[in-house]
Amino acid sequence: MAAVDSVSVIVPATTANLGPGFDCIGAALTLYNEFKFTHVDESPLSSSGVIINVTGAEAERVQTDESNLLYQAFVKLYQHLGQTPPPVEIEIKLGVPLARGLGSSATAIVGGLVGANVLAGEPLSQSQVMELAIAMEGHPDNVVPALLGGCRLAATGVEVEPQRRRERQEWEICEVPWCENIVPVVAIPDFELSTKEARQVLPSQVSRADAIFNTAHLGLLLRGLETGNGNWLRAALQDRLHEPYRKTLIKGYDVVHAAAVGAGAYGMVISGAGPTLLALTDTKQSEAVMAAMSAAWRSQGISPVVRSLGIDTQGARSFY
Ligand SMILES: Nc1ncnc2c1ncn2[C@@H]1O[C@H](COP(=O)(O)OP(=O)(O)O)[C@@H](O)[C@H]1O
Ligand SMILES: N[C@@H](CCOP(=O)(O)O)C(=O)O
């Protein structure tokens, strides 16, 4: 590809885990961050080597120096190529709320890698970009749908050289069909919960019974999402690997859960690492579920933004 001086990248939010699919399944949502990277001369740059402008809700909370995650991903791709990153000016338009369990960090990682790959003349394939994104995030379930779109299951592939220490892991990715009648409703609270903090409360070992429970329920979830079978979805949206430990970090979880299910949702789970709560519902029930979740959280002194979203099928896209 001929070199370009400027590229815009749009990256969707994600909802990871979907209950029993901890660290392996996620879906891209119709909510977006937009990033623009422009080559600049060395001279106008600040001493940090990058200029970053951020607009949108909570813009002041995003770092504007070299510690910015989007910029770190941008640099990572050039390091991978063995090249020095060019001086750039970055514009960030925030549409995905920060540290709410909707994959804002995944948008930054994917956006930085995709933007750098385009400015570098697209030396890496999409699957090479994906491998870098997974390595940076540490788990695949938000960066994979952010990059590829749709609902995706990610699993490590067969180790071809088990005796050799490998620098990178091969991944198998499969698209999970999502029945169009199933609506994701997100209730986004007015407080943050970092993924780091929400991972620290998880046990390092689980019982065989809990492992079997999740294996069965993830299988059921895949078929429930594909068919829209209500009984399967109601049973499938249960988890024993992360929700029991994390829900104590989310004030009002049980009250909002009861309200969502009472209003007709198939179930309610933590979106990503939380604190956003995700209900899956039939199109006919979505308005009632939204109203019930909003009222329930308000009764706990939390002011949520509640939205009914769609599944983004394109993933990250770039324009230049
Ligand atoms: N658009 C962005 N540009 C730069 N950094 C970002 C952006 N969005 C998120 N981040 C970084 O990711 C952090 C949130 O990541 P995390 O705790 O994993 O929450 P989330 O569930 O939203 O991914 C933010 O505090 C910020 O450091
Ligand atoms: N599987 C991860 C997903 C984190 O997603 P995020 O949207 O909260 O960044 C986890 O549950 O920790």
# chains A, B, ... in the order shown; residues from 1 in each chain; ligands from 1

call {"tool": "closest_atom_pairs", "arguments": {"of": "chain A", "to": "ligand 2", "cutoff": "9 Å", "atoms": "only C-alpha atoms and all ligand atoms", "output": "tab-separated table"}}
result
residue	atom	partner	partner_atom_place_in_ligand_line	distance
A:Ala13	CA	ligand 2	7 (O)	8.0
A:Thr14	CA	ligand 2	7 (O)	6.3
A:Thr15	CA	ligand 2	7 (O)	6.0
A:Ala16	CA	ligand 2	3 (C)	5.1
A:Asn17	CA	ligand 2	1 (N)	5.6
A:Gly21	CA	ligand 2	1 (N)	8.1
A:Phe22	CA	ligand 2	1 (N)	5.2
A:Asp23	CA	ligand 2	1 (N)	3.7
A:Cys24	CA	ligand 2	1 (N)	6.9
A:Ile25	CA	ligand 2	1 (N)	8.0
A:Gly26	CA	ligand 2	3 (C)	8.2
A:Ala99	CA	ligand 2	8 (O)	6.8
A:Arg100	CA	ligand 2	8 (O)	6.5
A:Gly101	CA	ligand 2	8 (O)	3.4
A:Leu102	CA	ligand 2	7 (O)	4.2
A:Gly103	CA	ligand 2	7 (O)	3.3
A:Ser104	CA	ligand 2	7 (O)	6.5
A:Ser105	CA	ligand 2	9 (O)	5.9
A:Ala106	CA	ligand 2	9 (O)	6.4
A:Glu137	CA	ligand 2	9 (O)	8.4
A:Gly138	CA	ligand 2	2 (C)	8.8
A:His139	CA	ligand 2	1 (N)	6.4
A:Pro140	CA	ligand 2	1 (N)	7.7
A:Asp141	CA	ligand 2	1 (N)	5.9
A:Asn142	CA	ligand 2	5 (O)	5.7
A:Val143	CA	ligand 2	9 (O)	8.7
A:Leu193	CA	ligand 2	8 (O)	8.3
A:Ser194	CA	ligand 2	8 (O)	7.2
A:Thr195	CA	ligand 2	8 (O)	5.1
A:Lys196	CA	ligand 2	12 (O)	7.5
A:Ala198	CA	ligand 2	12 (O)	6.6
A:Arg199	CA	ligand 2	12 (O)	5.5
A:His242	CA	ligand 2	11 (O)	7.4
A:Ile270	CA	ligand 2	11 (O)	8.5
A:Ser271	CA	ligand 2	7 (O)	6.8
A:Gly272	CA	ligand 2	5 (O)	3.7
A:Ala273	CA	ligand 2	8 (O)	3.7
A:Gly274	CA	ligand 2	8 (O)	5.7
A:Pro275	CA	ligand 2	8 (O)	8.1
A:Thr276	CA	ligand 2	8 (O)	8.7

call {"tool": "write_last_selection", "arguments": {"atoms": "C-alpha atoms", "output": "mmCIF file, in the first residue's frame"}}
result
data_model
loop_
_atom_site.group_PDB
_atom_site.id
_atom_site.type_symbol
_atom_site.label_atom_id
_atom_site.label_comp_id
_atom_site.auth_asym_id
_atom_site.auth_seq_id
_atom_site.Cartn_x
_atom_site.Cartn_y
_atom_site.Cartn_z
ATOM 1 C CA ALA A 13 -17.093 -0.915 22.085
ATOM 2 C CA THR A 14 -17.399 -4.511 23.230
ATOM 3 C CA THR A 15 -19.207 -6.528 25.845
ATOM 4 C CA ALA A 16 -16.942 -9.373 26.968
ATOM 5 C CA ASN A 17 -17.640 -12.613 28.867
ATOM 6 C CA GLY A 21 -17.615 -17.108 28.620
ATOM 7 C CA PHE A 22 -15.037 -15.523 30.903
ATOM 8 C CA ASP A 23 -11.964 -14.398 28.946
ATOM 9 C CA CYS A 24 -13.021 -16.164 25.733
ATOM 10 C CA ILE A 25 -16.180 -14.632 24.195
ATOM 11 C CA GLY A 26 -17.277 -11.079 23.420
ATOM 12 C CA ALA A 99 -13.391 1.890 32.733
ATOM 13 C CA ARG A 100 -17.037 0.768 32.595
ATOM 14 C CA GLY A 101 -16.616 -2.750 31.154
ATOM 15 C CA LEU A 102 -17.350 -1.721 27.568
ATOM 16 C CA GLY A 103 -13.859 -2.297 26.220
ATOM 17 C CA SER A 104 -12.482 1.264 26.133
ATOM 18 C CA SER A 105 -8.970 -0.147 26.592
ATOM 19 C CA ALA A 106 -9.579 -2.602 23.735
ATOM 20 C CA GLU A 137 -4.532 -6.769 26.409
ATOM 21 C CA GLY A 138 -3.697 -10.160 27.969
ATOM 22 C CA HIS A 139 -6.989 -11.787 26.972
ATOM 23 C CA PRO A 140 -8.772 -12.007 23.610
ATOM 24 C CA ASP A 141 -12.448 -11.486 24.393
ATOM 25 C CA ASN A 142 -12.666 -7.715 23.899
ATOM 26 C CA VAL A 143 -9.882 -6.941 21.378
ATOM 27 C CA LEU A 193 -14.237 -0.010 37.967
ATOM 28 C CA SER A 194 -10.853 -0.751 36.417
ATOM 29 C CA THR A 195 -10.375 -4.147 34.825
ATOM 30 C CA LYS A 196 -7.207 -4.532 36.892
ATOM 31 C CA ALA A 198 -11.941 -6.435 38.971
ATOM 32 C CA ARG A 199 -9.408 -9.173 38.088
ATOM 33 C CA HIS A 242 -16.120 -14.351 37.868
ATOM 34 C CA ILE A 270 -21.654 -8.078 34.122
ATOM 35 C CA SER A 271 -20.407 -6.497 30.892
ATOM 36 C CA GLY A 272 -16.669 -7.175 30.615
ATOM 37 C CA ALA A 273 -15.088 -6.601 34.003
ATOM 38 C CA GLY A 274 -17.975 -4.267 34.968
ATOM 39 C CA PRO A 275 -19.450 -2.147 36.367
ATOM 40 C CA THR A 276 -21.798 -1.880 33.361
#

call {"tool": "residues_around", "arguments": {"residues": "A:Glu60", "least_positions_apart": "5", "cutoff": "12 Å", "atoms": "only C-alpha atoms", "output": "tab-separated table (two decimals) with C-alpha atoms, in the first residue's frame"}}
result
chain	number	residue	atom	x	y	z
A	52	ILE	CA	-2.76	14.15	21.79
A	53	ASN	CA	-6.08	16.00	21.77
A	54	VAL	CA	-9.10	14.36	23.38
A	55	THR	CA	-12.78	15.34	23.06
A	92	ILE	CA	-9.33	11.06	20.12
A	93	LYS	CA	-13.13	11.37	19.99
A	94	LEU	CA	-14.51	9.42	22.92
A	98	LEU	CA	-13.89	4.78	30.30

call {"tool": "closest_residue", "arguments": {"among": "A:Leu237, A:Leu153, A:Leu280, A:Leu222", "to": "A:Ala27", "atoms": "only C-alpha atoms"}}
result
A:Leu153

call {"tool": "closest_residue", "arguments": {"among": "A:Ile51, A:Leu221, A:Ile302, A:Ile109", "to": "ligand 1", "atoms": "only C-alpha atoms and all ligand atoms"}}
result
A:Ile109

call {"tool": "select_by_dssp", "arguments": {"residues": "stretch 82-314 of chain A", "states": "helix (DSSP H, G or I)", "output": "VMD selection string"}}
result
chain A and resid 104 to 119 126 to 137 143 to 148 195 to 200 208 to 227 230 to 236 243 to 249 253 to 262 283 to 298

call {"tool": "write_last_selection", "arguments": {"atoms": "C-alpha atoms", "output": "compact mmCIF listing (two decimals), in the first residue's frame"}}
result
# COMPACT_ATOMS: atom_id res chain seq x y z
CA SER A 104 -12.48 1.26 26.13
CA SER A 105 -8.97 -0.15 26.59
CA ALA A 106 -9.58 -2.60 23.73
CA THR A 107 -10.60 0.27 21.43
CA ALA A 108 -7.37 2.07 22.30
CA ILE A 109 -5.18 -1.00 21.71
CA VAL A 110 -6.90 -1.95 18.45
CA GLY A 111 -7.08 1.68 17.28
CA GLY A 112 -3.38 2.32 17.92
CA LEU A 113 -2.27 -0.88 16.20
CA VAL A 114 -4.56 -0.43 13.17
CA GLY A 115 -3.62 3.27 12.81
CA ALA A 116 0.11 2.48 12.95
CA ASN A 117 -0.27 -0.40 10.50
CA VAL A 118 -1.96 1.87 7.94
CA LEU A 119 0.64 4.66 8.36
CA GLN A 126 -5.26 -8.49 10.19
CA SER A 127 -4.43 -11.70 12.05
CA GLN A 128 -0.94 -10.43 12.90
CA VAL A 129 -2.49 -7.21 14.24
CA MET A 130 -4.91 -9.37 16.22
CA GLU A 131 -2.08 -11.40 17.81
CA LEU A 132 -0.37 -8.17 18.90
CA ALA A 133 -3.65 -6.84 20.32
CA ILE A 134 -4.29 -10.00 22.34
CA ALA A 135 -0.73 -9.97 23.68
CA MET A 136 -1.10 -6.33 24.76
CA GLU A 137 -4.53 -6.77 26.41
CA VAL A 143 -9.88 -6.94 21.38
CA VAL A 144 -10.97 -9.68 18.94
CA PRO A 145 -14.56 -8.45 18.41
CA ALA A 146 -13.31 -4.83 18.52
CA LEU A 147 -11.02 -5.65 15.58
CA LEU A 148 -13.23 -8.08 13.64
CA THR A 195 -10.37 -4.15 34.82
CA LYS A 196 -7.21 -4.53 36.89
CA GLU A 197 -9.14 -4.13 40.14
CA ALA A 198 -11.94 -6.44 38.97
CA ARG A 199 -9.41 -9.17 38.09
CA GLN A 200 -7.69 -8.93 41.46
CA ARG A 208 -14.25 -29.05 39.19
CA ALA A 209 -17.98 -28.49 39.74
CA ASP A 210 -17.67 -24.80 38.78
CA ALA A 211 -15.55 -25.63 35.73
CA ILE A 212 -18.17 -28.14 34.54
CA PHE A 213 -20.97 -25.65 35.26
CA ASN A 214 -19.35 -23.02 33.04
CA THR A 215 -18.42 -25.44 30.27
CA ALA A 216 -22.05 -26.57 29.98
CA HIS A 217 -23.47 -23.07 30.21
CA LEU A 218 -21.11 -21.61 27.61
CA GLY A 219 -22.13 -24.39 25.21
CA LEU A 220 -25.76 -23.57 25.88
CA LEU A 221 -25.09 -19.86 25.41
CA LEU A 222 -23.61 -20.40 21.94
CA ARG A 223 -26.73 -22.30 20.82
CA GLY A 224 -29.03 -19.86 22.61
CA LEU A 225 -27.46 -16.86 20.88
CA GLU A 226 -27.73 -18.58 17.51
CA THR A 227 -31.33 -19.76 17.82
CA GLY A 230 -35.45 -18.35 25.42
CA ASN A 231 -35.16 -21.34 27.76
CA TRP A 232 -31.57 -21.95 26.71
CA LEU A 233 -30.66 -18.26 27.09
CA ARG A 234 -32.31 -18.00 30.53
CA ALA A 235 -30.27 -20.96 31.77
CA ALA A 236 -27.10 -19.99 29.91
CA GLU A 243 -19.59 -12.92 38.61
CA PRO A 244 -19.91 -14.27 42.19
CA TYR A 245 -16.66 -12.51 43.12
CA ARG A 246 -17.16 -9.31 41.15
CA LYS A 247 -20.77 -8.53 41.95
CA THR A 248 -19.78 -7.32 45.42
CA LEU A 249 -17.84 -4.50 43.68
CA TYR A 253 -26.15 -5.73 41.26
CA ASP A 254 -28.81 -8.03 42.78
CA VAL A 255 -31.53 -5.36 42.67
CA VAL A 256 -30.84 -4.51 39.01
CA HIS A 257 -30.63 -8.22 38.14
CA ALA A 258 -34.04 -8.92 39.71
CA ALA A 259 -35.56 -5.90 37.94
CA ALA A 260 -34.19 -6.87 34.52
CA VAL A 261 -35.40 -10.47 34.79
CA GLY A 262 -38.72 -9.32 36.29
CA THR A 283 -36.95 -6.98 21.04
CA LYS A 284 -40.51 -6.80 22.46
CA GLN A 285 -39.28 -6.57 26.06
CA SER A 286 -36.34 -4.20 25.55
CA GLU A 287 -38.14 -0.94 26.49
CA ALA A 288 -39.53 -2.47 29.70
CA VAL A 289 -36.15 -3.96 30.61
CA MET A 290 -34.42 -0.61 30.09
CA ALA A 291 -36.92 1.20 32.28
CA ALA A 292 -36.72 -1.45 35.01
CA MET A 293 -32.91 -1.47 35.15
CA SER A 294 -32.78 2.32 35.26
CA ALA A 295 -35.35 2.57 38.06
CA ALA A 296 -33.70 -0.21 40.05
CA TRP A 297 -30.29 1.41 39.96
CA ARG A 298 -31.73 4.82 40.77

call {"tool": "residues_around", "arguments": {"residues": "A:Gly150", "least_positions_apart": "3", "cutoff": "9 Å", "atoms": "only C-alpha atoms", "output": "PyMOL selection string"}}
result
chain A and resi 26-29+145-146+175-178+311-315

call {"tool": "select_by_dssp", "arguments": {"residues": "stretch 53-297 of chain A", "states": "strand (DSSP E or B)", "output": "MDAnalysis selection string"}}
result
chainID A and resid 53:56 88:94 151:156 171:175 182:188 267:270 277:282

call {"tool": "closest_residue", "arguments": {"among": "A:Tyr71, A:Phe37, A:Phe319, A:Phe191", "to": "ligand 1", "atoms": "only C-alpha atoms and all ligand atoms"}}
result
A:Tyr71

call {"tool": "residues_around", "arguments": {"residues": "A:Asp190", "least_positions_apart": "3", "cutoff": "8 Å", "atoms": "only C-alpha atoms", "output": "VMD selection string"}}
result
chain A and resid 302 to 305

call {"tool": "write_last_selection", "arguments": {"atoms": "N, CA and C atoms", "output": "compact mmCIF listing (two decimals), in the first residue's frame"}}
result
# COMPACT_ATOMS: atom_id res chain seq x y z
N ILE A 302 -27.69 5.22 42.36
CA ILE A 302 -26.78 5.24 41.20
C ILE A 302 -27.55 5.83 40.01
N SER A 303 -26.87 6.73 39.26
CA SER A 303 -27.51 7.31 38.06
C SER A 303 -26.94 6.65 36.82
N PRO A 304 -27.64 5.69 36.24
CA PRO A 304 -27.08 5.02 35.06
C PRO A 304 -27.55 5.67 33.75
N VAL A 305 -26.75 5.44 32.70
CA VAL A 305 -27.22 5.70 31.34
C VAL A 305 -27.59 4.32 30.81

call {"tool": "closest_residue", "arguments": {"among": "A:Glu42, A:Glu192, A:Asp282, A:Glu172", "to": "ligand 1", "atoms": "only C-alpha atoms and all ligand atoms"}}
result
A:Glu192

call {"tool": "atom_distance", "arguments": {"atom1": "atom 7 (C, counted along the ligand's line) of ligand 1", "atom2": "atom CA of A:Ser8"}}
result
15.3 Å

call {"tool": "closest_residue", "arguments": {"among": "A:Val40, A:Ala155, A:Val7, A:Leu70", "to": "ligand 1", "atoms": "only C-alpha atoms and all ligand atoms"}}
result
A:Leu70

call {"tool": "atom_distance", "arguments": {"atom1": "atom CA of A:Pro184", "atom2": "atom CA of A:Val96"}}
result
15.5 Å

call {"tool": "atom_distance", "arguments": {"atom1": "atom CA of A:Gln300", "atom2": "atom CA of A:Asp239"}}
result
23.9 Å

call {"tool": "closest_residue", "arguments": {"among": "A:Ala265, A:Val62, A:Leu77, A:Val183", "to": "ligand 1", "atoms": "only C-alpha atoms and all ligand atoms"}}
result
A:Val62
